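Worksheet for the structure shown next.
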Amino acid sequence: KIYDYLAGGCPVVAGIAGEGRKMIERSGSGICTEPEDSVALQKAIIELFESKYLREKYGTSGRRYAEENFSRQKIAKQYLQAMMSLYAV
């Protein structure tokens, strides 16, 4: 789902850990809270709701990250490189 949000230019608010959190942080696409911290999640939602600037900033950053890292061309190039490395062995 995170990929879809980034590609769609949607700002993200999530109570999340692990790779999903790392992706949101790397992409600058939103606000992460600890998974069990409902108060922090509520504050993050309100902060994003009240700030058009943050919504636009996070949405634009996420879209850019998705285009740079998950475009068909980039994935095809990575796939081709992986296949070539397999056959080079």
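Every chain in the structure tokens takes a letter, A first, then B, and so on in the order presented; its residues are numbered from 1, and the ligands are numbered from 1 following the presented order.
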>> I'd like to know which residues of chain A are strand (DSSP E or B) (by DSSP, run on the backbone); could you write them as a ChimeraX atom specification?
In response: /A:12-15,30-33
Would you save the residues from that selection as a PDB file, in the first residue's frame, using N, CA and C atoms?
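Result saved to result_30.pdb:
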```pdb
ATOM      1  N   VAL A  12       1.585  10.592   3.811  1.00  0.00           N
ATOM      2  CA  VAL A  12       1.346   9.393   4.613  1.00  0.00           C
ATOM      3  C   VAL A  12       1.446   9.717   6.103  1.00  0.00           C
ATOM      4  N   VAL A  13       0.504   9.208   6.869  1.00  0.00           N
ATOM      5  CA  VAL A  13       0.580   9.215   8.329  1.00  0.00           C
ATOM      6  C   VAL A  13       0.393   7.765   8.740  1.00  0.00           C
ATOM      7  N   ALA A  14       1.374   7.235   9.482  1.00  0.00           N
ATOM      8  CA  ALA A  14       1.290   5.816   9.818  1.00  0.00           C
ATOM      9  C   ALA A  14       1.930   5.512  11.161  1.00  0.00           C
ATOM     10  N   GLY A  15       1.277   4.645  11.900  1.00  0.00           N
ATOM     11  CA  GLY A  15       1.851   4.050  13.098  1.00  0.00           C
ATOM     12  C   GLY A  15       2.504   2.761  12.633  1.00  0.00           C
ATOM     13  N   GLY A  30       5.948  11.615   4.700  1.00  0.00           N
ATOM     14  CA  GLY A  30       4.934  11.690   5.737  1.00  0.00           C
ATOM     15  C   GLY A  30       5.473  11.638   7.139  1.00  0.00           C
ATOM     16  N   ILE A  31       4.585  11.318   8.051  1.00  0.00           N
ATOM     17  CA  ILE A  31       4.885  11.288   9.477  1.00  0.00           C
ATOM     18  C   ILE A  31       4.676   9.863   9.995  1.00  0.00           C
ATOM     19  N   CYS A  32       5.669   9.358  10.702  1.00  0.00           N
ATOM     20  CA  CYS A  32       5.571   8.025  11.312  1.00  0.00           C
ATOM     21  C   CYS A  32       5.522   8.161  12.826  1.00  0.00           C
ATOM     22  N   THR A  33       4.724   7.306  13.434  1.00  0.00           N
ATOM     23  CA  THR A  33       4.682   7.217  14.888  1.00  0.00           C
ATOM     24  C   THR A  33       4.941   5.759  15.261  1.00  0.00           C
TER      25      THR A  33
END
```
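Each of A:Ser27, A:Glu47, A:Asp4, A:Pro11 was checked against Glu68 in chain A using only C-alpha atoms; the smallest atom-to-atom distance is that of A:Ser27.
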>> Nearest residue to Leu54 in chain A out of A:Leu80, A:Leu41, A:Ile2, A:Cys10, using only C-alpha atoms?
In response: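 Nearest to Leu54 in chain A: A:Cys10.
Between CA of Ala44 in chain A and CA of Tyr5 in chain A the separation is 16.8 Å.
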>> Residues of chain A classed as alpha helix (DSSP H) by DSSP on the backbone are to be reported as a PyMOL selection string.
In response: chain A and resi 2-7+18-27+38-50+52-70+72-87
